[in-house]
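S.K.: Structure: data.csv, CSV, C-alpha atoms and all ligand atoms.
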```csv
chain,number,residue,atom,x,y,z
A,241,MET,CA,244.3,20.4,375.6
A,242,ASP,CA,241.4,18.1,376.6
A,243,THR,CA,243.1,15.5,378.8
A,244,ASN,CA,240.8,12.8,377.6
A,245,ALA,CA,241.6,13.4,373.9
A,246,ARG,CA,243.5,10.7,372.1
A,247,TYR,CA,247.2,11.5,371.9
A,248,TYR,CA,249.4,10.2,369.2
A,249,GLY,CA,252.1,8.7,371.5
A,250,SER,CA,249.7,7.1,373.9
A,251,TYR,CA,247.4,5.7,371.2
A,252,LEU,CA,250.4,3.9,369.6
A,253,HIS,CA,252.0,3.0,373.0
A,254,LEU,CA,255.2,4.6,371.9
A,255,ASP,CA,256.4,4.7,375.4
A,256,LYS,CA,256.8,0.9,375.2
A,257,VAL,CA,257.7,0.6,371.5
A,258,LEU,CA,260.5,3.2,371.7
A,259,ASP,CA,261.8,2.1,375.0
A,260,ALA,CA,262.5,-1.4,373.7
A,261,GLN,CA,265.9,-0.9,372.1
A,262,HIS,CA,268.7,-1.8,374.5
A,263,PRO,CA,272.0,-2.6,372.7
A,264,VAL,CA,273.9,-5.0,375.0
A,265,SER,CA,277.2,-3.4,373.9
A,266,PHE,CA,276.0,-0.1,375.5
A,267,GLU,CA,275.8,-1.8,378.9
A,268,LYS,CA,278.4,-0.9,381.5
A,269,GLY,CA,281.6,-2.7,381.0
A,270,ASN,CA,281.1,-3.2,377.2
A,271,GLU,CA,282.5,-1.2,374.3
A,272,PRO,CA,279.5,0.5,372.6
A,273,ALA,CA,279.0,-0.7,369.0
A,274,HIS,CA,277.2,1.9,367.0
A,275,ASP,CA,275.6,-0.5,364.6
A,276,GLU,CA,273.9,-2.7,367.2
A,277,MET,CA,271.1,-0.1,367.4
A,278,LEU,CA,270.4,-0.7,363.6
A,279,PHE,CA,270.6,-4.4,364.2
A,280,ILE,CA,267.9,-4.3,366.9
A,281,VAL,CA,265.6,-1.8,365.1
A,282,ILE,CA,265.7,-3.8,361.9
A,283,HIS,CA,264.8,-7.1,363.7
A,284,GLN,CA,262.0,-5.4,365.6
A,285,ALA,CA,260.6,-3.9,362.4
A,286,TYR,CA,260.6,-7.4,360.9
A,287,GLU,CA,258.8,-8.8,363.9
A,288,LEU,CA,256.1,-6.0,363.7
A,289,TRP,CA,255.5,-6.9,360.0
A,290,PHE,CA,255.4,-10.6,360.8
A,291,LYS,CA,252.7,-9.8,363.3
A,292,GLN,CA,250.7,-8.0,360.6
A,293,ILE,CA,251.2,-11.0,358.2
A,294,LEU,CA,249.9,-13.4,360.8
A,295,PHE,CA,246.9,-11.1,361.4
A,296,GLU,CA,246.0,-11.1,357.7
A,297,MET,CA,246.5,-14.9,357.5
A,298,ASP,CA,244.1,-15.4,360.4
A,299,TYR,CA,241.4,-13.8,358.3
A,300,VAL,CA,242.3,-15.7,355.2
A,301,MET,CA,242.3,-19.0,357.0
A,302,ARG,CA,239.0,-18.3,358.8
A,303,VAL,CA,237.3,-17.8,355.4
A,304,PHE,CA,238.8,-21.0,354.0
A,305,SER,CA,237.8,-22.9,357.1
A,306,GLN,CA,234.1,-22.6,356.2
A,307,ASP,CA,232.4,-25.7,354.7
A,308,LYS,CA,231.1,-23.6,351.9
A,309,ILE,CA,232.2,-20.1,350.8
A,310,ASN,CA,229.4,-17.9,349.5
A,311,ASP,CA,230.5,-16.6,346.1
A,312,ASN,CA,228.1,-13.7,346.4
A,313,SER,CA,229.6,-12.5,349.7
A,314,GLU,CA,232.7,-10.3,350.1
A,315,ASP,CA,234.7,-13.2,351.6
A,316,LEU,CA,236.7,-14.3,348.6
A,317,ASN,CA,237.4,-10.8,347.4
A,318,LEU,CA,238.7,-9.9,350.9
A,319,VAL,CA,240.9,-13.0,350.9
A,320,ARG,CA,242.4,-11.8,347.6
A,321,HIS,CA,242.8,-8.3,348.9
A,322,ARG,CA,244.5,-9.4,352.1
A,323,LEU,CA,246.8,-11.9,350.4
A,324,ARG,CA,247.9,-9.0,348.1
A,325,ARG,CA,248.6,-7.0,351.3
A,326,ILE,CA,250.8,-9.8,352.6
A,327,ILE,CA,252.7,-9.6,349.2
A,328,SER,CA,253.3,-5.9,349.6
A,329,ILE,CA,254.6,-6.4,353.1
A,330,MET,CA,256.9,-9.2,351.9
A,331,GLN,CA,258.2,-7.0,349.1
A,332,LEU,CA,259.1,-4.4,351.8
A,333,LEU,CA,260.8,-7.1,354.0
A,334,ASN,CA,262.9,-8.1,351.0
A,335,GLN,CA,264.1,-4.5,350.6
A,336,GLN,CA,264.9,-4.1,354.3
A,337,VAL,CA,267.9,-6.5,353.8
A,338,ASN,CA,269.5,-3.6,351.8
A,339,ILE,CA,269.5,-1.4,354.9
A,340,LEU,CA,271.3,-4.1,356.9
A,341,ASP,CA,273.9,-4.3,354.1
A,342,SER,CA,275.0,-0.8,355.2
A,343,MET,CA,276.6,-2.6,358.2
A,344,THR,CA,280.1,-4.0,357.3
A,345,PRO,CA,281.3,-7.4,358.6
A,346,LEU,CA,283.8,-5.6,360.9
A,347,ASP,CA,281.0,-3.4,362.3
A,348,PHE,CA,279.0,-6.6,363.0
A,349,LEU,CA,282.0,-8.3,364.6
A,350,GLU,CA,282.1,-5.6,367.3
A,351,PHE,CA,279.0,-7.0,368.9
A,352,ARG,CA,278.3,-10.4,367.4
A,353,ASN,CA,279.7,-12.4,370.3
A,354,LEU,CA,277.3,-10.6,372.7
A,355,LEU,CA,274.3,-12.1,370.8
A,356,THR,CA,275.2,-15.8,371.2
A,357,PRO,CA,273.3,-18.1,371.3
A,358,SER,CA,270.3,-16.0,370.1
A,359,SER,CA,269.5,-16.0,366.4
A,360,GLY,CA,266.7,-15.1,363.9
A,361,PHE,CA,266.4,-18.9,363.7
A,362,GLN,CA,264.4,-18.6,367.0
A,363,SER,CA,261.8,-16.2,365.5
A,364,LYS,CA,258.6,-17.7,366.7
A,365,GLN,CA,256.5,-15.5,364.4
A,366,PHE,CA,258.6,-16.5,361.3
A,367,ARG,CA,258.1,-20.2,362.2
A,368,LEU,CA,254.3,-19.6,362.6
A,369,ILE,CA,254.1,-18.0,359.2
A,370,GLU,CA,255.9,-20.9,357.6
A,371,ALA,CA,253.8,-23.5,359.6
A,372,ARG,CA,250.5,-21.8,358.7
A,373,LEU,CA,251.5,-21.5,355.0
A,374,GLY,CA,252.0,-25.3,355.1
A,375,LEU,CA,255.6,-26.0,355.8
A,376,VAL,CA,255.6,-29.0,358.1
A,377,ILE,CA,258.5,-30.0,360.3
A,378,ASP,CA,259.2,-33.4,358.6
A,379,LYS,CA,259.7,-31.6,355.3
A,380,ARG,CA,262.2,-29.2,356.7
A,381,HIS,CA,265.9,-29.2,355.9
A,382,GLN,CA,267.9,-30.5,358.9
A,383,LYS,CA,264.6,-31.1,360.8
A,384,ASP,CA,266.4,-32.0,364.0
A,385,TYR,CA,267.5,-28.3,364.4
A,386,TYR,CA,263.8,-27.4,364.9
A,387,LYS,CA,263.3,-29.8,367.8
A,388,ARG,CA,266.1,-28.3,369.9
A,389,THR,CA,265.1,-26.6,373.1
A,390,ASN,CA,268.6,-26.3,374.3
A,391,GLU,CA,271.0,-23.4,373.5
A,392,GLY,CA,270.3,-21.9,370.1
A,393,GLY,CA,267.0,-23.7,369.9
A,394,PHE,CA,263.5,-22.5,370.9
A,395,SER,CA,262.3,-21.8,374.4
A,396,GLN,CA,259.9,-24.6,375.7
A,397,ALA,CA,256.9,-22.1,375.5
A,398,ASP,CA,257.7,-21.2,371.8
A,399,TYR,CA,258.4,-24.8,370.9
A,400,GLN,CA,255.0,-25.7,372.2
A,401,VAL,CA,253.1,-23.0,370.3
A,402,ILE,CA,255.0,-23.9,367.1
A,403,THR,CA,254.3,-27.6,367.4
A,404,GLU,CA,250.6,-27.0,368.2
A,405,THR,CA,250.3,-24.7,365.2
A,406,GLU,CA,251.8,-27.5,363.0
A,407,GLN,CA,249.1,-29.9,364.2
A,408,GLU,CA,246.3,-27.5,363.0
A,409,LYS,CA,245.0,-27.3,359.4
A,410,THR,CA,247.4,-25.3,357.2
A,411,LEU,CA,246.5,-22.8,354.6
A,412,LEU,CA,247.6,-25.3,352.0
A,413,GLU,CA,245.2,-27.9,353.3
A,414,LEU,CA,242.3,-25.4,353.5
A,415,VAL,CA,243.0,-24.3,349.9
A,416,ASN,CA,243.2,-27.9,348.8
A,417,GLN,CA,239.7,-28.5,350.3
A,418,TRP,CA,238.3,-25.4,348.7
A,419,LEU,CA,239.7,-26.5,345.3
A,420,GLU,CA,238.3,-30.0,345.7
A,421,ARG,CA,234.8,-28.6,346.2
A,422,MET,CA,234.8,-26.8,342.8
A,423,PRO,CA,231.9,-28.1,340.8
A,424,PHE,CA,233.3,-27.6,337.2
A,425,PHE,CA,233.2,-31.3,336.2
A,426,MET,CA,229.8,-32.2,337.4
A,427,GLY,CA,227.7,-34.2,335.0
A,428,GLU,CA,224.9,-31.7,334.8
A,429,TYR,CA,227.2,-29.2,332.9
A,430,TRP,CA,228.4,-31.6,330.3
A,431,SER,CA,226.0,-33.0,327.7
A,432,ALA,CA,228.1,-36.1,327.1
A,433,SER,CA,227.8,-38.6,329.8
A,434,THR,CA,230.4,-38.2,332.6
A,435,ALA,CA,231.7,-41.6,333.6
A,436,ALA,CA,232.8,-42.2,337.2
A,437,ASP,CA,236.3,-42.6,335.8
A,438,ILE,CA,237.6,-39.0,335.6
A,439,THR,CA,240.0,-39.9,332.9
A,440,GLN,CA,237.0,-40.6,330.6
A,441,HIS,CA,235.4,-37.2,331.4
A,442,PRO,CA,234.8,-35.3,328.1
A,443,PHE,CA,236.9,-32.3,329.2
A,444,TRP,CA,239.9,-34.3,330.4
A,445,SER,CA,240.0,-36.8,327.6
A,446,ALA,CA,239.9,-33.9,325.1
A,447,TYR,CA,242.5,-31.9,327.1
A,448,ARG,CA,244.9,-34.8,327.4
A,449,LYS,CA,244.9,-35.4,323.7
A,450,ILE,CA,245.6,-31.7,322.9
A,451,TYR,CA,248.3,-31.6,325.6
A,452,GLU,CA,250.0,-34.7,324.2
A,453,ALA,CA,249.8,-33.5,320.6
A,454,GLY,CA,251.6,-30.2,321.7
A,455,LEU,CA,254.6,-31.9,323.3
A,456,THR,CA,257.9,-32.0,321.5
A,457,GLU,CA,259.8,-35.3,321.0
A,458,ARG,CA,262.0,-34.6,324.0
A,459,GLU,CA,259.0,-33.8,326.2
A,460,ALA,CA,256.9,-36.8,325.1
A,461,ASN,CA,257.2,-38.4,328.5
A,462,LYS,CA,255.4,-35.5,330.2
A,463,VAL,CA,252.1,-37.1,329.3
A,464,LYS,CA,252.9,-39.8,331.8
A,465,ASP,CA,253.6,-37.1,334.5
A,466,PHE,CA,250.2,-35.6,333.5
A,467,ASP,CA,248.5,-39.0,334.1
A,468,TYR,CA,250.2,-39.3,337.5
A,469,VAL,CA,249.7,-35.7,338.7
A,470,PHE,CA,246.0,-35.4,337.7
A,471,PHE,CA,244.8,-39.0,337.8
A,472,GLU,CA,247.2,-40.8,340.1
A,473,LYS,CA,248.0,-43.3,337.3
A,474,LYS,CA,251.4,-44.7,338.1
A,475,PRO,CA,253.5,-44.7,334.9
A,476,ALA,CA,255.1,-48.1,334.3
A,477,GLY,CA,258.9,-48.1,334.8
A,478,PHE,CA,259.0,-45.0,337.0
A,479,SER,CA,261.3,-45.3,340.1
A,480,GLU,CA,260.2,-44.2,343.5
A,481,ALA,CA,262.6,-41.2,343.2
A,482,GLN,CA,260.9,-40.1,339.9
A,483,LEU,CA,257.5,-40.5,341.5
A,484,ASP,CA,258.7,-38.5,344.5
A,485,VAL,CA,259.5,-35.5,342.3
A,486,LEU,CA,255.9,-35.6,340.9
A,487,ARG,CA,254.2,-36.2,344.3
A,488,SER,CA,252.2,-33.1,345.2
A,489,HIS,CA,251.0,-31.6,348.5
A,490,PHE,CA,247.7,-31.1,346.7
A,491,SER,CA,245.3,-33.9,345.8
A,492,PRO,CA,244.7,-34.7,342.1
A,493,ALA,CA,241.2,-33.4,342.3
A,494,ALA,CA,242.4,-30.0,343.7
A,495,LEU,CA,245.1,-29.8,341.0
A,496,ARG,CA,242.5,-30.5,338.3
A,497,ALA,CA,240.5,-27.6,339.6
A,498,ALA,CA,243.5,-25.3,339.9
A,499,LEU,CA,244.6,-26.0,336.4
A,500,PHE,CA,241.1,-25.4,335.1
A,501,ILE,CA,241.0,-22.0,336.9
A,502,MET,CA,244.3,-21.1,335.4
A,503,LEU,CA,243.2,-22.0,331.9
A,504,TYR,CA,239.8,-20.3,332.0
A,505,ARG,CA,240.8,-17.4,334.2
A,506,ASP,CA,239.4,-14.8,331.7
A,507,PHE,CA,235.9,-15.8,332.7
A,508,PRO,CA,234.7,-13.2,335.3
A,509,MET,CA,233.8,-15.9,337.9
A,510,PHE,CA,237.4,-17.2,337.9
A,511,GLN,CA,239.1,-13.9,338.3
A,512,THR,CA,239.2,-13.9,342.1
A,513,SER,CA,240.0,-17.6,342.4
A,514,TYR,CA,242.8,-17.2,339.9
A,515,GLN,CA,244.3,-14.2,341.7
A,516,ILE,CA,244.2,-16.1,345.0
A,517,LEU,CA,246.2,-19.0,343.5
A,518,ASP,CA,248.5,-16.5,341.9
A,519,SER,CA,249.0,-14.7,345.2
A,520,LEU,CA,250.0,-18.0,346.9
A,521,ILE,CA,252.6,-18.6,344.3
A,522,GLU,CA,253.9,-15.1,344.7
A,523,ILE,CA,254.1,-15.4,348.5
A,524,ASP,CA,256.1,-18.6,348.0
A,525,HIS,CA,258.4,-16.7,345.6
A,526,LEU,CA,258.8,-13.8,348.0
A,527,MET,CA,259.7,-16.0,350.9
A,528,SER,CA,262.3,-17.7,348.7
A,529,ASN,CA,263.6,-14.3,347.6
A,530,TRP,CA,264.0,-13.3,351.2
A,531,ARG,CA,265.8,-16.5,352.1
A,532,HIS,CA,268.2,-15.9,349.2
A,533,LYS,CA,268.8,-12.2,350.1
A,534,HIS,CA,269.4,-13.2,353.7
A,535,LEU,CA,271.7,-16.0,352.7
A,536,ILE,CA,273.9,-13.7,350.5
A,537,MET,CA,273.9,-11.1,353.3
A,538,VAL,CA,274.9,-13.8,355.9
A,539,ARG,CA,277.7,-15.1,353.6
A,540,ARG,CA,279.1,-11.6,353.4
A,541,MET,CA,278.7,-10.9,357.1
A,542,ILE,CA,280.1,-14.1,358.6
A,543,GLY,CA,281.6,-16.1,355.7
A,544,MET,CA,281.5,-19.8,356.5
A,545,ARG,CA,281.4,-19.4,360.3
A,546,VAL,CA,278.7,-21.2,362.2
A,547,GLY,CA,275.6,-19.2,363.1
A,548,THR,CA,275.0,-17.7,366.5
A,549,GLY,CA,272.0,-20.1,366.7
A,550,ASN,CA,274.5,-22.9,366.4
A,551,THR,CA,273.5,-24.2,362.9
A,552,SER,CA,276.1,-24.7,360.2
A,553,GLY,CA,275.3,-21.1,359.2
A,554,ALA,CA,275.2,-20.3,355.4
A,555,GLY,CA,275.2,-24.1,354.7
A,556,TYR,CA,271.9,-24.5,356.6
A,557,LEU,CA,270.4,-21.4,355.1
A,558,GLU,CA,271.2,-22.7,351.6
A,559,GLY,CA,269.5,-26.0,352.3
A,560,ALA,CA,266.4,-24.2,353.7
A,561,LEU,CA,266.3,-22.0,350.6
A,562,ASN,CA,266.3,-25.0,348.3
A,563,LYS,CA,263.8,-27.1,350.3
A,564,HIS,CA,261.3,-24.8,351.9
A,565,TYR,CA,258.9,-24.1,349.1
A,566,VAL,CA,255.3,-24.6,350.0
A,567,TYR,CA,253.3,-23.9,346.8
A,568,ARG,CA,255.7,-25.2,344.2
A,569,ASP,CA,253.0,-27.7,343.0
A,570,LEU,CA,250.8,-24.7,342.0
A,571,SER,CA,253.6,-22.9,340.1
A,572,GLY,CA,254.5,-26.3,338.6
A,573,LEU,CA,251.1,-26.5,336.9
A,574,SER,CA,252.6,-24.4,334.1
A,575,THR,CA,254.1,-27.7,332.8
A,576,TYR,CA,250.6,-28.8,331.8
A,577,LEU,CA,249.2,-25.6,330.2
A,578,ILE,CA,248.2,-25.5,326.5
A,579,GLU,CA,247.9,-22.5,324.3
A,580,ARG,CA,244.7,-20.4,324.8
A,581,LYS,CA,243.6,-20.8,321.2
A,582,LYS,CA,243.6,-24.6,321.6
A,583,LEU,CA,241.5,-24.7,324.7
A,584,PRO,CA,238.4,-27.0,324.5
A,585,ALA,CA,235.2,-24.9,324.2
A,586,LEU,CA,233.2,-25.2,327.4
A,587,PRO,CA,229.5,-26.3,327.3
A,588,GLU,CA,226.9,-23.5,327.4
A,589,GLU,CA,225.5,-24.8,330.6
A,590,LEU,CA,228.8,-24.5,332.4
A,591,ILE,CA,229.5,-21.0,330.9
A,592,LYS,CA,226.1,-19.8,332.1
A,593,ASN,CA,227.1,-21.0,335.6
A,594,LEU,CA,230.5,-19.3,335.4
A,595,GLY,CA,228.9,-15.9,334.9
A,596,PHE,CA,227.6,-13.6,337.7
A,597,HIS,CA,223.9,-14.1,338.3
A,598,LEU,CA,222.0,-10.9,338.9
A,601,LIG,C1,274.0,-9.4,360.5
A,601,LIG,C2,272.8,-9.8,360.2
A,601,LIG,C3,272.4,-11.3,360.2
A,601,LIG,C4,273.2,-12.4,360.3
A,601,LIG,C5,274.7,-12.5,360.3
A,601,LIG,C6,272.3,-13.5,360.3
A,601,LIG,C7,272.7,-14.8,360.4
A,601,LIG,C8,271.9,-15.9,360.4
A,601,LIG,C9,272.3,-17.3,360.5
A,601,LIG,C10,273.7,-17.8,360.5
A,601,LIG,C11,271.2,-18.1,360.5
A,601,LIG,C12,271.1,-19.6,360.7
A,601,LIG,C13,270.8,-19.9,362.1
A,601,LIG,C14,271.9,-19.8,363.0
A,601,LIG,O1,272.7,-20.7,363.2
A,601,LIG,O2,272.0,-18.7,363.6
A,601,LIG,C15,270.0,-17.2,360.5
A,601,LIG,C16,268.7,-17.6,360.5
A,601,LIG,C17,267.7,-16.7,360.4
A,601,LIG,N1,267.7,-15.4,360.5
A,601,LIG,FE1,269.3,-14.2,360.3
A,601,LIG,N2,271.0,-13.1,360.3
A,601,LIG,C18,271.0,-11.7,360.2
A,601,LIG,C19,269.9,-10.8,360.2
A,601,LIG,C20,268.6,-11.3,360.2
A,601,LIG,C21,267.5,-10.4,360.2
A,601,LIG,C22,267.5,-8.8,360.1
A,601,LIG,C23,266.4,-11.1,360.3
A,601,LIG,C24,265.0,-10.6,360.3
A,601,LIG,C25,264.0,-11.2,361.1
A,601,LIG,C26,266.8,-12.5,360.4
A,601,LIG,C27,266.0,-13.6,360.5
A,601,LIG,C28,266.4,-14.9,360.4
A,601,LIG,C29,265.5,-16.0,360.3
A,601,LIG,C30,264.0,-16.0,360.2
A,601,LIG,C31,266.3,-17.2,360.3
A,601,LIG,C32,265.8,-18.6,360.1
A,601,LIG,C33,265.8,-18.9,358.6
A,601,LIG,C34,265.4,-20.2,358.1
A,601,LIG,O3,265.3,-21.1,359.0
A,601,LIG,O4,265.1,-20.4,356.9
A,601,LIG,N3,268.2,-12.5,360.3
A,601,LIG,N4,270.5,-15.9,360.4
```
How does this structure look as structure tokens?
M.R.:
Amino acid sequence: MDTNARYYGSYLHLDKVLDAQHPVSFEKGNEPAHDEMLFIVIHQAYELWFKQILFEMDYVMRVFSQDKINDNSEDLNLVRHRLRRIISIMQLLNQQVNILDSMTPLDFLEFRNLLTPSSGFQSKQFRLIEARLGLVIDKRHQKDYYKRTNEGGFSQADYQVITETEQEKTLLELVNQWLERMPFFMGEYWSASTAADITQHPFWSAYRKIYEAGLTEREANKVKDFDYVFFEKKPAGFSEAQLDVLRSHFSPAALRAALFIMLYRDFPMFQTSYQILDSLIEIDHLMSNWRHKHLIMVRRMIGMRVGTGNTSGAGYLEGALNKHYVYRDLSGLSTYLIERKKLPALPEELIKNLGFHL
């Protein structure tokens, strides 16, 4: 064999990868626990996939960081494609929990104490995925847990990387900017005059009327939410708590563009943008599915004991599950959809511009 030829094992550096499983219970003086090997392999498999997710996110964020994205380049289609890849990986990660379920609580107890105080909580890559998607520390459940660099918390080096990443623009902020730049409501496309006040724009005044007319008696108040979400008009009599529920991570201009894309997604020019928004919603759902599956697995494995990472355990995980959504404002836009057949017709000038130009 040609000694310079590529060889499977060396190309993949399997010497390192396959020499990285060292169950502590197998060390001298400990009682070997068979299932610790599975525990290590499954965590390592997760971390490899986290690495790939971050790699795909790097590309997506680079494209969205541009001041202007060229619609006639491959950029947006590749973003769509790579977000779909992240979705496929996350679907696999969700299924991987089932393999761990083949370990019984008693099997786990055989080596659990040897892990303390390390925990999946300290996964730097998982925190980077969350931070890049747009989950900021101040919005986290029990945010003080994340600032710990003592036992059970992050190493100083990891903590620094995570906090630096949190200072950078998130995917959510980049998508917000991209949506804000959408030109759909520009005066040149609409024959009627477009006043500076967006609520008087021919599209939005027509849409609001149709939306309001379609609400049932019990939902009548939703038109006030509509005014606040899309036009920042504070409804009289709403408490701060009510406004808090409506407050969005996206700007009203970005939400107007996102709703417009969802409504008119059958136009060819909107297909890719629509699929990008849909993928972000899907990624949020898959993260939440994983949190749920992990929580159920943890409850079965350790009941109500505290975690090895020194949080309250299942209680903490449940709080994170309920609070750590990032793209809920996008999925929440369904509240403001109207039936297809009632959609206002778009001006010819705009339709011409929504088609591909050859
Ligand atoms: C026997 C299996 C497992 C048990 C009993 C378990 C238990 C826990 C507990 C109790 C926490 C809360 C933090 C703490 O106090 O430790 C936690 C967090 C976490 N674990 Fe696991 N875990 C298991 C498997 C896994 C696996 C396979 C992964 C894959 C990477 C993982 C990733 C995480 C992550 C990312 C967090 C932080 C979640 C968040 O902040 O939302 N865990 N785990």
S.K.: Please identify all polymer residues within 9 Å of Gln382 (chain A), counting all atoms listed in the file, omitting same-chain residues fewer than 2 positions from it, and present them as an NGL selection string.
M.R.: :A and (380 or 384-386 or 556 or 559-560)
S.K.: Write to file, as a PDB file, in the frame of the given file, the residues of the selection just made, with C-alpha atoms.
M.R.:
```pdb
ATOM      1  CA  ARG A 380     262.200 -29.200 356.700  1.00  0.00           C
ATOM      2  CA  ASP A 384     266.400 -32.000 364.000  1.00  0.00           C
ATOM      3  CA  TYR A 385     267.500 -28.300 364.400  1.00  0.00           C
ATOM      4  CA  TYR A 386     263.800 -27.400 364.900  1.00  0.00           C
ATOM      5  CA  TYR A 556     271.900 -24.500 356.600  1.00  0.00           C
ATOM      6  CA  GLY A 559     269.500 -26.000 352.300  1.00  0.00           C
ATOM      7  CA  ALA A 560     266.400 -24.200 353.700  1.00  0.00           C
TER       8      ALA A 560
END
```
S.K.: Produce as a PyMOL selection string the set of residues near ligand LIG 601 (chain A), where near means within 7 Å with all atoms listed in the file considered.
M.R.: chain A and resi 279+282-283+286-287+337+340+348+359-361+363+366+531+534+538+541-542+546-554+556-557+560-561
S.K.: What is the distance between CA of Asp465 (chain A) and CA of Phe425 (chain A), in Å to one decimal?
M.R.: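 That distance, rounded to one decimal, is 21.3 Å.
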S.K.: For Glu370 (chain A), which residue among A:Ala497, A:Leu349, A:Ile438, A:Leu294 is the nearest when counting only C-alpha atoms?
M.R.: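 Nearest to Glu370 (chain A): A:Leu294.
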S.K.: So which one's closest to Met426 (chain A), A:Asn312, A:Lys581, A:Asn593, A:Lys563? Using only C-alpha atoms, please.
M.R.: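 With only C-alpha atoms as the atom set, the closest residue is A:Asn593.
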S.K.: Extract, using all atoms listed in the file, all DNA, RNA and protein residues at most 12 Å from Val264 (chain A), discarding same-chain residues fewer than 5 positions from it, and format them as a PyMOL selection string.
M.R.: chain A and resi 269-277+279-280+350-356
S.K.: Just the selected residues (C-alpha atoms), exported as a PDB file, in the coordinates of the input, please.
M.R.:
```
ATOM      1  CA  GLY A 269     281.600  -2.700 381.000  1.00  0.00           C
ATOM      2  CA  ASN A 270     281.100  -3.200 377.200  1.00  0.00           C
ATOM      3  CA  GLU A 271     282.500  -1.200 374.300  1.00  0.00           C
ATOM      4  CA  PRO A 272     279.500   0.500 372.600  1.00  0.00           C
ATOM      5  CA  ALA A 273     279.000  -0.700 369.000  1.00  0.00           C
ATOM      6  CA  HIS A 274     277.200   1.900 367.000  1.00  0.00           C
ATOM      7  CA  ASP A 275     275.600  -0.500 364.600  1.00  0.00           C
ATOM      8  CA  GLU A 276     273.900  -2.700 367.200  1.00  0.00           C
ATOM      9  CA  MET A 277     271.100  -0.100 367.400  1.00  0.00           C
ATOM     10  CA  PHE A 279     270.600  -4.400 364.200  1.00  0.00           C
ATOM     11  CA  ILE A 280     267.900  -4.300 366.900  1.00  0.00           C
ATOM     12  CA  GLU A 350     282.100  -5.600 367.300  1.00  0.00           C
ATOM     13  CA  PHE A 351     279.000  -7.000 368.900  1.00  0.00           C
ATOM     14  CA  ARG A 352     278.300 -10.400 367.400  1.00  0.00           C
ATOM     15  CA  ASN A 353     279.700 -12.400 370.300  1.00  0.00           C
ATOM     16  CA  LEU A 354     277.300 -10.600 372.700  1.00  0.00           C
ATOM     17  CA  LEU A 355     274.300 -12.100 370.800  1.00  0.00           C
ATOM     18  CA  THR A 356     275.200 -15.800 371.200  1.00  0.00           C
TER      19      THR A 356
END
```
S.K.: Between CA of Leu503 (chain A) and CA of Gly374 (chain A), what is the distance in Å, rounded to a tenth?
M.R.: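 Atom-to-atom, CA of Leu503 (chain A) to CA of Gly374 (chain A), that is 25.0 Å.
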S.K.: Could you work out how far CA of Glu406 (chain A) lies from CA of Val376 (chain A), giving the answer in Å with one decimal?
M.R.: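 Going from CA of Val376 (chain A) over to CA of Glu406 (chain A) covers 6.4 Å.
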S.K.: Which residues, protein or nucleic acid, reach to within 12 Å of (239.3, -16.7, 358.0) in the file's coordinates when using all atoms listed in the file, and can you give that as an mmCIF file with C-alpha atoms, in the coordinates of the input?
M.R.:
```cif
data_model
loop_
_atom_site.group_PDB
_atom_site.id
_atom_site.type_symbol
_atom_site.label_atom_id
_atom_site.label_comp_id
_atom_site.auth_asym_id
_atom_site.auth_seq_id
_atom_site.Cartn_x
_atom_site.Cartn_y
_atom_site.Cartn_z
ATOM 1 C CA LEU A 294 249.900 -13.400 360.800
ATOM 2 C CA PHE A 295 246.900 -11.100 361.400
ATOM 3 C CA GLU A 296 246.000 -11.100 357.700
ATOM 4 C CA MET A 297 246.500 -14.900 357.500
ATOM 5 C CA ASP A 298 244.100 -15.400 360.400
ATOM 6 C CA TYR A 299 241.400 -13.800 358.300
ATOM 7 C CA VAL A 300 242.300 -15.700 355.200
ATOM 8 C CA MET A 301 242.300 -19.000 357.000
ATOM 9 C CA ARG A 302 239.000 -18.300 358.800
ATOM 10 C CA VAL A 303 237.300 -17.800 355.400
ATOM 11 C CA PHE A 304 238.800 -21.000 354.000
ATOM 12 C CA SER A 305 237.800 -22.900 357.100
ATOM 13 C CA GLN A 306 234.100 -22.600 356.200
ATOM 14 C CA ASP A 307 232.400 -25.700 354.700
ATOM 15 C CA ILE A 309 232.200 -20.100 350.800
ATOM 16 C CA ASP A 315 234.700 -13.200 351.600
ATOM 17 C CA LEU A 316 236.700 -14.300 348.600
ATOM 18 C CA LEU A 318 238.700 -9.900 350.900
ATOM 19 C CA VAL A 319 240.900 -13.000 350.900
ATOM 20 C CA ARG A 320 242.400 -11.800 347.600
ATOM 21 C CA ARG A 322 244.500 -9.400 352.100
ATOM 22 C CA LEU A 323 246.800 -11.900 350.400
ATOM 23 C CA THR A 410 247.400 -25.300 357.200
ATOM 24 C CA LEU A 411 246.500 -22.800 354.600
ATOM 25 C CA LEU A 414 242.300 -25.400 353.500
ATOM 26 C CA VAL A 415 243.000 -24.300 349.900
#
```
S.K.: Any chance you could work out the axis-aligned box around region 360-372 of chain A, listed atoms only, 3 Å on each side, giving centre and edge lengths in Å to one decimal, as lines of an AutoDock Vina configuration file?
M.R.:
```
center_x = 258.6
center_y = -19.3
center_z = 362.3
size_x = 22.2
size_y = 14.4
size_z = 15.4
```
S.K.: Select, from A:Asp398, A:Glu267, A:Glu314, A:Glu408, the residue with the minimum atom-to-atom distance to Gln365 (chain A), counting all atoms listed in the file.
M.R.: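 Among the listed residues, the smallest separation from Gln365 (chain A) belongs to A:Asp398.
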S.K.: Measuring between only C-alpha atoms, which one of A:Lys291, A:Lys364, A:Arg325, A:His262 shows the shortest distance to Ala397 (chain A)?
M.R.: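 For Ala397 (chain A), the nearest of the candidates is A:Lys364.
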S.K.: In the coordinate frame of the file, compute which residues have an atom within 12 Å of (237.7, -40.2, 329.6) when using all atoms listed in the file, and state them as a list of chain:residue names.
M.R.: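 Residues with an atom at most 12 Å from (237.7, -40.2, 329.6): A:Phe425, A:Ala432, A:Ser433, A:Thr434, A:Ala435, A:Ala436, A:Asp437, A:Ile438, A:Thr439, A:Gln440, A:His441, A:Pro442, A:Phe443, A:Trp444, A:Ser445, A:Ala446, A:Tyr447, A:Arg448, A:Lys449, A:Asp467, A:Phe471.
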